[in-house]
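Peer 1: This is the content of input_0.cif (mmCIF, C-alpha atoms):
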data_final
loop_
_atom_site.label_atom_id
_atom_site.label_comp_id
_atom_site.auth_asym_id
_atom_site.auth_seq_id
_atom_site.Cartn_x
_atom_site.Cartn_y
_atom_site.Cartn_z
CA MET A 1370 0.00 0.00 0.00
CA ARG A 1371 1.19 3.52 -0.81
CA THR A 1372 0.69 6.53 1.44
CA ILE A 1373 0.79 10.15 0.25
CA LEU A 1374 0.91 12.82 2.97
CA ILE A 1375 -0.34 16.19 1.73
CA THR A 1376 0.28 19.47 3.51
CA GLY A 1377 1.09 23.10 2.88
CA PRO A 1378 0.66 26.56 4.37
CA GLY A 1379 -2.75 27.52 5.69
CA GLY A 1380 -4.98 28.72 2.88
CA SER A 1381 -2.87 27.08 0.17
CA GLY A 1382 -5.68 24.75 -0.92
CA ARG A 1383 -4.03 21.59 0.38
CA THR A 1384 -7.38 19.88 1.17
CA THR A 1385 -8.68 20.56 -2.34
CA VAL A 1386 -5.47 19.17 -3.85
CA ALA A 1387 -5.72 16.13 -1.57
CA ALA A 1388 -9.28 15.52 -2.75
CA ALA A 1389 -8.25 15.95 -6.41
CA THR A 1390 -5.28 13.58 -5.91
CA ALA A 1391 -7.53 10.93 -4.37
CA LEU A 1392 -10.13 11.31 -7.11
CA GLU A 1393 -7.52 10.99 -9.86
CA ALA A 1394 -6.09 7.84 -8.26
CA ALA A 1395 -9.57 6.30 -7.97
CA ARG A 1396 -10.25 7.00 -11.65
CA GLU A 1397 -7.02 5.16 -12.47
CA GLY A 1398 -8.53 2.13 -10.73
CA HIS A 1399 -6.71 2.33 -7.38
CA ARG A 1400 -8.78 1.61 -4.29
CA THR A 1401 -8.24 4.92 -2.51
CA LEU A 1402 -9.05 6.36 0.91
CA LEU A 1403 -8.90 10.10 1.57
CA LEU A 1404 -8.16 10.59 5.28
CA SER A 1405 -8.56 14.16 6.53
CA ALA A 1406 -7.63 15.89 9.78
CA ASP A 1407 -10.01 18.79 9.10
CA ARG A 1408 -12.57 19.45 11.83
CA THR A 1409 -14.99 20.95 9.34
CA ASP A 1410 -16.09 19.15 6.20
CA THR A 1411 -13.76 20.92 3.77
CA PRO A 1412 -13.04 17.62 1.96
CA GLY A 1413 -16.79 17.09 1.52
CA THR A 1414 -17.16 20.58 0.06
CA ALA A 1415 -14.44 19.87 -2.49
CA LEU A 1416 -15.76 16.40 -3.36
CA GLY A 1417 -19.40 17.39 -3.39
CA THR A 1418 -20.19 14.56 -0.94
CA ALA A 1419 -20.45 14.94 2.83
CA THR A 1420 -17.78 13.13 4.86
CA GLY A 1421 -17.80 12.14 8.52
CA PRO A 1422 -16.60 9.86 11.32
CA VAL A 1423 -16.93 6.66 9.26
CA PRO A 1424 -15.49 6.02 5.78
CA THR A 1425 -17.97 7.25 3.16
CA GLU A 1426 -18.02 6.02 -0.42
CA VAL A 1427 -17.66 9.00 -2.76
CA THR A 1428 -17.24 7.32 -6.14
CA GLU A 1429 -16.16 3.93 -7.38
CA HIS A 1430 -12.80 3.08 -5.73
CA LEU A 1431 -12.86 6.24 -3.58
CA SER A 1432 -13.85 6.63 0.07
CA ALA A 1433 -13.34 9.58 2.43
CA TRP A 1434 -13.00 9.62 6.21
CA ARG A 1435 -12.77 12.37 8.85
CA PRO A 1436 -12.20 10.57 12.19
CA ASP A 1437 -14.05 11.88 15.25
CA ALA A 1438 -11.16 12.66 17.60
CA ALA A 1439 -13.45 13.61 20.49
CA GLU A 1440 -15.25 10.26 20.42
CA ARG A 1441 -11.97 8.34 20.16
CA PHE A 1442 -10.66 10.22 23.20
CA ARG A 1443 -13.79 9.38 25.19
CA GLN A 1444 -13.37 5.70 24.37
CA ASP A 1445 -9.70 5.75 25.36
CA LEU A 1446 -10.40 7.52 28.65
CA THR A 1447 -13.22 5.11 29.51
CA ALA A 1448 -10.92 2.16 28.84
CA PHE A 1449 -8.18 3.74 30.96
CA GLN A 1450 -10.54 4.28 33.88
CA THR A 1451 -11.60 0.64 33.70
CA ARG A 1452 -8.00 -0.59 33.71
CA ALA A 1453 -7.01 1.75 36.55
CA ALA A 1454 -10.14 1.09 38.61
CA ASN A 1455 -8.28 -0.25 41.67
CA VAL A 1456 -5.92 2.71 41.84
CA LEU A 1457 -8.71 5.25 41.31
CA ASP A 1458 -10.85 3.62 44.02
CA LEU A 1459 -7.87 3.63 46.40
CA LEU A 1460 -7.42 7.35 45.82
CA GLY A 1461 -11.13 8.01 46.16
CA ALA A 1462 -11.25 9.50 42.66
CA ALA A 1463 -14.59 10.23 41.02
CA ARG A 1464 -14.97 8.64 37.61
CA LEU A 1465 -15.65 10.82 34.58
CA ASP A 1466 -18.69 10.07 32.46
CA ALA A 1467 -18.13 9.90 28.72
CA GLU A 1468 -20.65 12.71 28.16
CA GLU A 1469 -18.62 15.20 30.21
CA VAL A 1470 -15.27 14.49 28.53
CA THR A 1471 -13.74 16.93 26.06
CA PRO A 1472 -10.42 16.20 24.31
CA LEU A 1473 -7.28 17.47 26.00
CA PRO A 1474 -4.58 19.29 24.02
CA GLY A 1475 -2.82 16.77 21.84
CA ALA A 1476 -5.61 14.19 22.01
CA GLU A 1477 -6.87 14.98 18.52
CA GLU A 1478 -3.39 14.52 17.06
CA LEU A 1479 -2.98 11.12 18.71
CA SER A 1480 -6.44 10.01 17.60
CA PHE A 1481 -5.69 11.03 14.03
CA LEU A 1482 -2.39 9.15 14.04
CA ARG A 1483 -4.15 6.02 15.24
CA ALA A 1484 -6.70 6.42 12.44
CA LEU A 1485 -3.82 6.79 9.96
CA ARG A 1486 -2.30 3.57 11.29
CA ASP A 1487 -5.61 1.70 11.07
CA ALA A 1488 -6.18 2.89 7.51
CA ALA A 1489 -2.64 2.06 6.39
CA LEU A 1490 -2.84 -1.44 7.84
CA SER A 1491 -6.21 -2.09 6.21
CA GLU A 1492 -6.22 -4.37 3.18
CA ARG A 1493 -9.21 -2.58 1.68
CA TYR A 1494 -7.15 0.11 -0.06
CA ASP A 1495 -4.25 0.44 -2.48
CA LEU A 1496 -3.56 4.11 -1.77
CA LEU A 1497 -3.99 6.28 1.32
CA VAL A 1498 -4.14 10.04 0.67
CA VAL A 1499 -3.70 11.90 3.96
CA ASP A 1500 -4.90 15.49 4.22
CA LEU A 1501 -2.63 16.74 7.01
CA PRO A 1502 -3.06 19.97 9.00
CA PRO A 1503 -1.30 23.06 7.65
CA LEU A 1504 2.39 23.70 8.22
CA PRO A 1505 3.95 23.76 10.81
CA GLN A 1506 1.32 21.71 12.70
CA ALA A 1507 1.82 18.89 10.21
CA LEU A 1508 5.55 18.73 10.93
CA ALA A 1509 4.87 18.55 14.67
CA LEU A 1510 2.30 15.80 14.06
CA LEU A 1511 4.74 13.74 11.99
CA ALA A 1512 7.37 14.04 14.75
CA LEU A 1513 4.98 12.98 17.52
CA PRO A 1514 5.25 9.14 17.35
CA GLU A 1515 9.05 9.08 17.55
CA GLU A 1516 9.18 11.67 20.32
CA LEU A 1517 6.50 10.00 22.44
CA ARG A 1518 8.20 6.60 22.11
CA ARG A 1519 11.44 8.14 23.32
CA TYR A 1520 9.68 9.67 26.35
CA LEU A 1521 8.09 6.31 27.19
CA ARG A 1522 11.41 4.49 26.99
CA ARG A 1523 13.04 7.04 29.30
CA LEU A 1524 10.22 7.17 31.86
CA LEU A 1525 9.29 3.47 31.83
CA PRO A 1526 12.21 1.48 30.38
CA PRO A 1527 11.00 -1.90 29.07
CA GLU A 1528 13.93 -3.72 30.68
CA ARG A 1529 12.62 -2.81 34.14
CA GLN A 1530 9.67 -5.09 33.56
CA ALA A 1531 12.06 -8.01 34.04
CA ALA A 1532 12.32 -7.02 37.71
CA ARG A 1533 8.56 -7.41 38.21
CA ALA A 1534 9.00 -10.12 40.87
CA LEU A 1535 11.33 -7.87 42.85
CA ARG A 1536 9.05 -4.83 42.95
CA PRO A 1537 7.42 -5.64 46.32
CA VAL A 1538 10.85 -6.08 47.93
CA LEU A 1539 12.25 -2.98 46.26
CA GLY A 1540 9.18 -1.04 47.31
CA ARG A 1541 9.67 -1.98 50.97
CA LEU A 1542 13.37 -1.15 50.83
CA ALA A 1543 12.77 2.20 49.15
CA GLY A 1544 9.78 3.05 51.30
CA VAL A 1545 7.70 4.03 48.27
CA PRO A 1546 5.38 1.94 46.11
CA MET A 1547 6.77 0.71 42.80
CA PRO A 1548 4.89 1.23 39.52
CA ALA A 1549 2.05 -1.23 39.09
CA ASP A 1550 2.00 -3.85 36.36
CA TRP A 1551 -0.83 -2.12 34.52
CA LEU A 1552 1.33 1.00 34.12
CA TYR A 1553 4.06 -0.95 32.33
CA GLU A 1554 1.49 -2.86 30.31
CA THR A 1555 -0.15 0.39 29.23
CA ALA A 1556 3.23 1.87 28.28
CA ALA A 1557 4.08 -1.27 26.29
CA ARG A 1558 0.74 -1.11 24.46
CA TRP A 1559 1.25 2.58 23.64
CA ASP A 1560 4.76 1.85 22.39
CA VAL A 1561 3.46 -0.84 20.05
CA GLU A 1562 0.77 1.49 18.69
CA LEU A 1563 3.20 4.38 18.20
CA ALA A 1564 5.72 2.04 16.58
CA ALA A 1565 3.06 1.00 14.06
CA VAL A 1566 2.38 4.65 13.18
CA GLU A 1567 6.10 5.36 12.92
CA ALA A 1568 6.51 2.37 10.61
CA VAL A 1569 3.87 3.78 8.25
CA LEU A 1570 5.50 7.23 8.20
CA THR A 1571 9.00 5.89 7.54
CA ASP A 1572 7.97 3.23 5.01
CA ARG A 1573 9.60 3.51 1.59
CA ASN A 1574 6.09 3.64 0.08
CA THR A 1575 5.27 6.83 2.03
CA ALA A 1576 5.97 10.25 0.53
CA VAL A 1577 4.94 13.87 1.01
CA ARG A 1578 3.21 16.09 -1.52
CA LEU A 1579 3.64 19.79 -0.73
CA VAL A 1580 1.04 22.35 -1.78
CA ALA A 1581 1.75 26.10 -1.95
CA GLU A 1582 0.86 29.15 -3.98
CA PRO A 1583 3.83 30.40 -5.99
CA GLY A 1584 5.01 33.63 -4.39
CA PRO A 1585 7.28 34.92 -1.60
CA ALA A 1586 5.16 33.55 1.25
CA GLY A 1587 4.77 30.19 -0.43
CA ALA A 1588 8.50 30.02 -1.17
CA ASP A 1589 9.37 30.67 2.48
CA ALA A 1590 6.92 28.01 3.66
CA VAL A 1591 8.20 25.42 1.18
CA ARG A 1592 11.81 26.12 2.12
CA ALA A 1593 11.07 25.60 5.83
CA ALA A 1594 8.92 22.52 5.17
CA THR A 1595 11.62 20.90 3.04
CA LEU A 1596 14.17 21.24 5.84
CA GLY A 1597 11.73 19.98 8.49
CA LEU A 1598 10.77 16.96 6.37
CA ALA A 1599 14.40 16.18 5.55
CA LEU A 1600 15.32 16.17 9.23
CA ARG A 1601 12.63 13.48 9.66
CA ALA A 1602 14.02 11.59 6.64
CA LEU A 1603 10.70 12.03 4.81
CA ARG A 1604 10.69 12.18 1.02
CA THR A 1605 9.02 15.02 -0.90
CA GLU A 1606 7.26 13.37 -3.86
CA SER A 1607 6.25 16.57 -5.66
CA LEU A 1608 5.43 20.23 -5.19
CA ILE A 1609 1.99 21.39 -6.32
CA ALA A 1610 2.04 25.06 -7.29
CA ASN A 1611 -1.62 25.79 -6.63
CA ARG A 1612 -3.75 28.57 -8.13
CA ALA A 1613 -1.30 29.29 -10.92
CA LEU A 1614 -2.48 32.14 -13.16
CA PRO A 1615 -2.80 31.57 -16.91
CA GLU A 1616 -0.02 32.94 -19.09
CA THR A 1617 -2.68 34.92 -20.97
CA ALA A 1618 -3.69 36.95 -17.91
CA PRO A 1619 -4.83 40.44 -18.93
CA ASP A 1620 -2.32 43.26 -18.73
CA SER A 1621 -3.56 44.76 -15.49
CA TRP A 1622 -2.74 44.44 -11.81
CA LEU A 1623 -2.60 40.67 -12.45
CA SER A 1624 0.55 41.14 -14.55
CA SER A 1625 2.74 41.84 -11.49
CA LEU A 1626 1.26 38.83 -9.70
CA LEU A 1627 1.89 36.67 -12.76
CA ALA A 1628 5.52 37.83 -12.92
CA GLN A 1629 5.91 36.99 -9.24
CA GLN A 1630 4.53 33.50 -9.84
CA ARG A 1631 6.82 32.95 -12.82
CA LYS A 1632 9.90 33.81 -10.76
CA THR A 1633 8.90 31.49 -7.92
CA LEU A 1634 8.10 28.64 -10.31
CA ALA A 1635 11.49 29.02 -12.00
CA ASP A 1636 13.23 28.87 -8.62
CA TRP A 1637 11.21 25.83 -7.52
CA ARG A 1638 11.95 23.90 -10.70
CA GLU A 1639 15.64 23.91 -9.82
CA SER A 1640 15.00 21.76 -6.75
CA TYR A 1641 11.55 20.14 -6.97
CA ASP A 1642 9.28 18.15 -9.25
CA VAL A 1643 6.86 21.05 -9.76
CA HIS A 1644 3.29 20.70 -11.06
CA PRO A 1645 1.36 23.96 -11.57
CA VAL A 1646 -2.37 23.64 -10.89
CA PRO A 1647 -4.54 26.32 -12.53
CA HIS A 1648 -6.63 28.91 -10.75
CA LEU A 1649 -10.24 28.21 -11.77
CA GLY A 1650 -11.42 31.67 -10.85
CA ARG A 1651 -13.58 30.11 -8.13
CA ASP A 1652 -13.33 27.65 -5.25
CA PRO A 1653 -13.38 24.11 -6.71
CA HIS A 1654 -16.54 22.20 -5.87
CA GLY A 1655 -17.44 18.72 -7.03
CA PRO A 1656 -15.72 16.10 -9.20
CA ASP A 1657 -15.80 18.19 -12.40
CA ASP A 1658 -13.88 21.07 -10.82
CA LEU A 1659 -11.39 18.68 -9.21
CA THR A 1660 -10.82 17.06 -12.59
CA ALA A 1661 -10.23 20.50 -14.14
CA LEU A 1662 -7.34 21.04 -11.72
CA ALA A 1663 -5.47 18.25 -13.54
CA VAL A 1664 -3.34 17.29 -10.55
CA PRO A 1665 -0.66 14.72 -11.39
CA GLY A 1666 -1.13 11.08 -10.59
CA VAL A 1667 0.79 9.55 -7.73
CA ASN A 1668 4.30 8.54 -8.76
CA PRO A 1669 4.40 4.72 -8.59
CA ALA A 1670 8.17 4.67 -7.98
CA THR A 1671 9.21 3.97 -4.40
CA THR A 1672 12.36 5.46 -2.95
CA SER A 1673 13.60 6.08 0.55
CA VAL A 1674 15.68 8.80 2.12
CA GLY A 1675 18.93 7.27 3.31
CA TRP A 1676 21.35 8.50 5.97
CA PRO A 1677 24.32 6.34 4.96
CA VAL A 1678 27.60 5.88 6.81
CA THR A 1679 30.68 5.75 4.59
CA ASP A 1680 33.95 4.16 5.61
CA ARG A 1681 36.86 6.60 5.30
CA LEU A 1682 39.06 4.84 7.84
CA ALA A 1683 41.79 3.92 5.38
CA GLU A 1684 41.97 7.41 3.82
CA ASP A 1685 41.16 9.79 6.68
CA GLY A 1686 40.76 7.60 9.78
CA VAL A 1687 37.07 8.45 10.16
CA LEU A 1688 33.57 7.21 9.42
CA VAL A 1689 31.29 9.80 7.81
CA TRP A 1690 27.55 10.01 8.45
CA HIS A 1691 25.69 11.69 5.57
CA LEU A 1692 22.45 13.55 6.44
CA PRO A 1693 20.66 15.25 3.50
CA LEU A 1694 19.35 18.58 4.82
CA PRO A 1695 18.38 20.73 1.80
CA GLY A 1696 17.88 24.35 2.75
CA ALA A 1697 19.95 24.12 5.93
CA ILE A 1698 22.06 27.15 6.88
CA ARG A 1699 25.45 26.58 8.46
CA ASP A 1700 24.95 29.18 11.21
CA GLU A 1701 21.63 27.60 12.20
CA LEU A 1702 22.98 24.07 12.63
CA ASP A 1703 23.90 22.60 16.00
CA LEU A 1704 24.95 19.10 17.11
CA ILE A 1705 25.11 17.70 20.64
CA ARG A 1706 26.30 14.15 21.37
CA ARG A 1707 24.61 12.59 24.40
CA GLY A 1708 25.46 8.96 24.99
CA ASP A 1709 24.28 6.91 22.02
CA GLU A 1710 22.10 9.73 20.71
CA LEU A 1711 22.71 12.85 18.66
CA LEU A 1712 20.62 15.98 19.11
CA ILE A 1713 20.38 17.78 15.76
CA THR A 1714 19.10 21.35 15.49
CA ALA A 1715 18.46 22.75 12.00
CA GLY A 1716 16.88 26.18 11.99
CA PRO A 1717 13.60 25.97 13.97
CA PHE A 1718 13.59 22.15 13.93
CA ARG A 1719 15.15 19.69 16.33
CA ARG A 1720 15.43 15.93 16.40
CA ILE A 1721 17.13 13.41 18.67
CA VAL A 1722 18.30 10.36 16.75
CA ALA A 1723 19.98 7.15 17.82
CA LEU A 1724 23.46 6.67 16.43
CA PRO A 1725 24.07 3.71 14.11
CA SER A 1726 25.79 0.90 16.01
CA ALA A 1727 29.21 1.47 14.42
CA LEU A 1728 29.20 5.15 15.41
CA ARG A 1729 28.39 4.47 19.05
CA ARG A 1730 31.97 3.29 19.50
CA CYS A 1731 33.32 6.54 18.05
CA THR A 1732 33.78 10.16 19.08
CA VAL A 1733 32.57 13.11 17.00
CA ALA A 1734 35.57 14.48 15.09
CA GLY A 1735 33.83 17.32 13.26
CA ALA A 1736 31.06 18.19 10.84
CA GLY A 1737 30.50 20.20 7.71
CA LEU A 1738 27.63 21.30 5.48
CA ARG A 1739 28.16 20.96 1.74
CA ASP A 1740 25.61 21.10 -1.09
CA GLY A 1741 22.67 20.64 1.29
CA GLU A 1742 24.20 17.63 3.03
CA LEU A 1743 25.44 17.53 6.61
CA ARG A 1744 28.49 15.29 6.92
CA ILE A 1745 29.46 14.30 10.45
CA ARG A 1746 32.87 12.73 10.97
CA PHE A 1747 33.38 10.08 13.67
CA ALA A 1748 36.76 8.84 14.86
CA PRO A 1749 36.97 5.34 16.39
CA ASP A 1750 37.42 5.31 20.17
CA PRO A 1751 40.54 3.17 20.81
CA ASP A 1752 39.03 1.85 24.04
CA LEU A 1753 35.91 0.58 22.26
CA TRP A 1754 37.00 -0.12 18.69
CA PRO A 1755 38.42 -3.57 17.94
CA ALA A 1756 42.12 -3.46 17.15
CA ALA A 1757 43.17 -4.20 13.57
CA GLY A 1758 43.71 -7.88 12.94
CA ARG A 1759 42.13 -8.94 16.21
#
Hey, can you dump this file as structure tokens for me?

Peer 2:
Amino acid sequence: MRTILITGPGGSGRTTVAAATALEAAREGHRTLLLSADRTDTPGTALGTATGPVPTEVTEHLSAWRPDAAERFRQDLTAFQTRAANVLDLLGAARLDAEEVTPLPGAEELSFLRALRDAALSERYDLLVVDLPPLPQALALLALPEELRRYLRRLLPPERQAARALRPVLGRLAGVPMPADWLYETAARWDVELAAVEAVLTDRNTAVRLVAEPGPAGADAVRAATLGLALRALRTESLIANRALPETAPDSWLSSLLAQQRKTLADWRESYDVHPVPHLGRDPHGPDDLTALAVPGVNPATTSVGWPVTDRLAEDGVLVWHLPLPGAIRDELDLIRRGDELLITAGPFRRIVALPSALRRCTVAGAGLRDGELRIRFAPDPDLWPAAGR
């Protein structure tokens, strides 16, 4: 199954492009699901068919789904209260009724990610078109599974579960109660769910389609998004230049806007697979208008973004880790080694990544940015690296 993640600046028409992409794929015979994070029925407006909390058939081979995050949160909280009943009763806590529950900050994002996982693992579809929130919320959403898994591993390390039989003794010695089994079981279940979402996002069949209007604001947003996606090792499949004016625009105030679009498109074509989508002179509504947009079909080729390690030991005595970071600026890059992890800051984005096994036995010997690629040099630690010929 292929997954196309679609996002762009607010007001760029990303939901309309997502709907047009899904419709085009369905017409090519691919069983397609359009999954949207929109609270309001913007996808339904574009498709001409109302969408809601269950998958709705729009046309042959095409369904659309806007998950109900509030209802999913209520179900999760009810299940949690049931599992933690003994602890809650011990504390004298009053249970919350489902009717009085409203989603907490972040709950909608988690619910949507779970829906994405469920849809991607379904065998009903060939293609999943995901209408993400606007930038930069989409970048934060895509980073969430990895970051939450890291928090869980730090707060409740899985290896501590092996000491389950010793917890009563340790609790008496420490004078404080040890975490209950259900807490570790819940953390393990969350880790499995987040790992499944992360697997979908990092799969070689997953790519990102950016949507932006050609112009200064759109160029700035695309530049930032490209760097943020690259830091997550996510591949940009294409760039949709939405609401492109016709070359025959009348010689009026539109001429300056057309010149501005031409310049941006020329710049984009140097780095992206650009597909201009015409301005219809109105908001697209219904299948006919979506067809008139003539969005490109989904590229069937599958590629992955690699962060390879090259062996330069014989020539320079180092291993080099190559991180493609197009758009990165040298003065806005920062690296911090902490144990077996590397904290990478690139402009406004930050990511903590685990070092490949070979590099964990090395020390950082330097780094450089060249042609949009960060190259980090690692020198073998004599105390940890096997001696030659041993």

Peer 1: Taking 3 positions as the minimum chain separation for residues in the same chain, which residues sit within 6 Å of segment 1723-1739 of chain A when counting all atoms listed in the file? Answer as a PDB file with C-alpha atoms, keeping the file's coordinate frame.

Peer 2:
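This went into selection.pdb:
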ATOM      1  CA  ASP A1709      24.280   6.910  22.020  1.00  0.00           C
ATOM      2  CA  GLU A1710      22.100   9.730  20.710  1.00  0.00           C
ATOM      3  CA  GLU A1742      24.200  17.630   3.030  1.00  0.00           C
ATOM      4  CA  LEU A1743      25.440  17.530   6.610  1.00  0.00           C
ATOM      5  CA  ARG A1744      28.490  15.290   6.920  1.00  0.00           C
ATOM      6  CA  ILE A1745      29.460  14.300  10.450  1.00  0.00           C
ATOM      7  CA  ARG A1746      32.870  12.730  10.970  1.00  0.00           C
ATOM      8  CA  PHE A1747      33.380  10.080  13.670  1.00  0.00           C
ATOM      9  CA  ALA A1748      36.760   8.840  14.860  1.00  0.00           C
ATOM     10  CA  PRO A1749      36.970   5.340  16.390  1.00  0.00           C
ATOM     11  CA  ASP A1750      37.420   5.310  20.170  1.00  0.00           C
ATOM     12  CA  LEU A1753      35.910   0.580  22.260  1.00  0.00           C
TER      13      LEU A1753
END

Peer 1: Once the PyMOL selection byres ((chain A and resi 1588-1595) around 8) has been evaluated on this model, what residues remain selected, and can you format them as an MDAnalysis selection string?

Peer 2: chainID A and resid 1377:1378 1504:1505 1508 1579 1581 1583:1587 1596:1599 1605 1633 1695:1696

Peer 1: Identify all residues satisfying the PyMOL selection byres ((chain A and resi 1642-1644) around 6) in the given file; provide them as a list in words.

Peer 2: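 Written out, the selection comes to Ser1607, Leu1608, Ile1609, Ala1610, Arg1638, Tyr1641 and Pro1645 of chain A.
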
Peer 1: Residues as selected, C-alpha atoms, written as a CSV table (one decimal), in the frame of the given file, can you do that?

Peer 2:
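What follows is the written file out35.csv:
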chain,number,residue,atom,x,y,z
A,1607,SER,CA,6.2,16.6,-5.7
A,1608,LEU,CA,5.4,20.2,-5.2
A,1609,ILE,CA,2.0,21.4,-6.3
A,1610,ALA,CA,2.0,25.1,-7.3
A,1638,ARG,CA,12.0,23.9,-10.7
A,1641,TYR,CA,11.6,20.1,-7.0
A,1645,PRO,CA,1.4,24.0,-11.6

Peer 1: Identify all residues satisfying the PyMOL selection byres ((chain A and resi 1383-1388) around 7) in the given file; provide them as a list in words.

Peer 2: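 With the shown file as input, the PyMOL selection byres ((chain A and resi 1383-1388) around 7) matches Ile1375, Thr1376, Gly1377, Ser1381, Gly1382, Ala1389, Thr1390, Ala1391, Leu1392, Leu1403, Thr1411, Pro1412, Ala1415, Leu1416, Val1498, Asp1500 and Val1580 of chain A.
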
Peer 1: Counting only C-alpha atoms, what is within 10 Å of Ser1480 of chain A, bar same-chain residues fewer than 4 positions away, as a PyMOL selection string?

Peer 2: chain A and resi 1406+1436-1442+1445+1472+1475-1476+1484-1486

Peer 1: Each side padded by 6 Å, which centre and which edge lengths in Å (one decimal) define the axis-aligned box around the listed atoms of segment 1653-1670 of chain A? Give them as JSON.

Peer 2:
{"center_x": -4.6, "center_y": 14.4, "center_z": -10.0, "size_x": 37.6, "size_y": 31.4, "size_z": 20.3}

Peer 1: I'd like the interatomic distance between atom CA of Leu1431 of chain A and atom CA of Leu1662 of chain A, to a tenth of an Å.

Peer 2: 17.8 Å

Peer 1: Which one of A:Gly1666, A:Pro1656, A:Gly1741, A:Pro1755 sits closest to Leu1694 of chain A if you count only C-alpha atoms?

Peer 2: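 Between A:Gly1666, A:Pro1656, A:Gly1741, A:Pro1755, the residue approaching Leu1694 of chain A most closely is A:Gly1741.
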
Peer 1: Could you check which of A:Ala1489, A:Gly1708, A:Ala1697, A:Trp1754 is closest to Asp1740 of chain A, using all atoms listed in the file?

Peer 2: A:Ala1697

Peer 1: If I put a ball of radius 10 Å at (9.8, 4.5, 5.8) in the file's coordinates, which residues poke into it when counting only C-alpha atoms, written as an NGL selection string?

Peer 2: :A and (1567-1576 or 1602-1604 or 1672-1675)

Peer 1: If I take atom CA of Thr1425 of chain A and atom CA of Arg1443 of chain A, how far is one from the other in Å, to one decimal?

Peer 2: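 The value is 22.5 Å.
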
Peer 1: Would you mind listing what lies within 10 Å of Arg1396 of chain A as a list in words, with only C-alpha atoms counted and same-chain residues fewer than 2 positions away left out?

Peer 2: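 Neighbouring residues, sequence-local ones excluded: Ala1391, Leu1392, Glu1393, Ala1394, Gly1398, His1399, Arg1400, Thr1401, Thr1428, Glu1429, His1430 and Leu1431 of chain A.
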
Peer 1: Could you tell me how far atom CA of Ala1661 of chain A sits from atom CA of Ser1625 of chain A, in Å to one decimal place?

Peer 2: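 Taking atom CA of Ser1625 of chain A and atom CA of Ala1661 of chain A, their separation equals 25.1 Å.
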
Peer 1: Smallest atom-to-atom distance to Trp1434 of chain A: which of A:Asp1487, A:Asp1560, A:Glu1397, A:Glu1582, using only C-alpha atoms?

Peer 2: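 Residue with the minimum atom-to-atom distance to Trp1434 of chain A: A:Asp1487.
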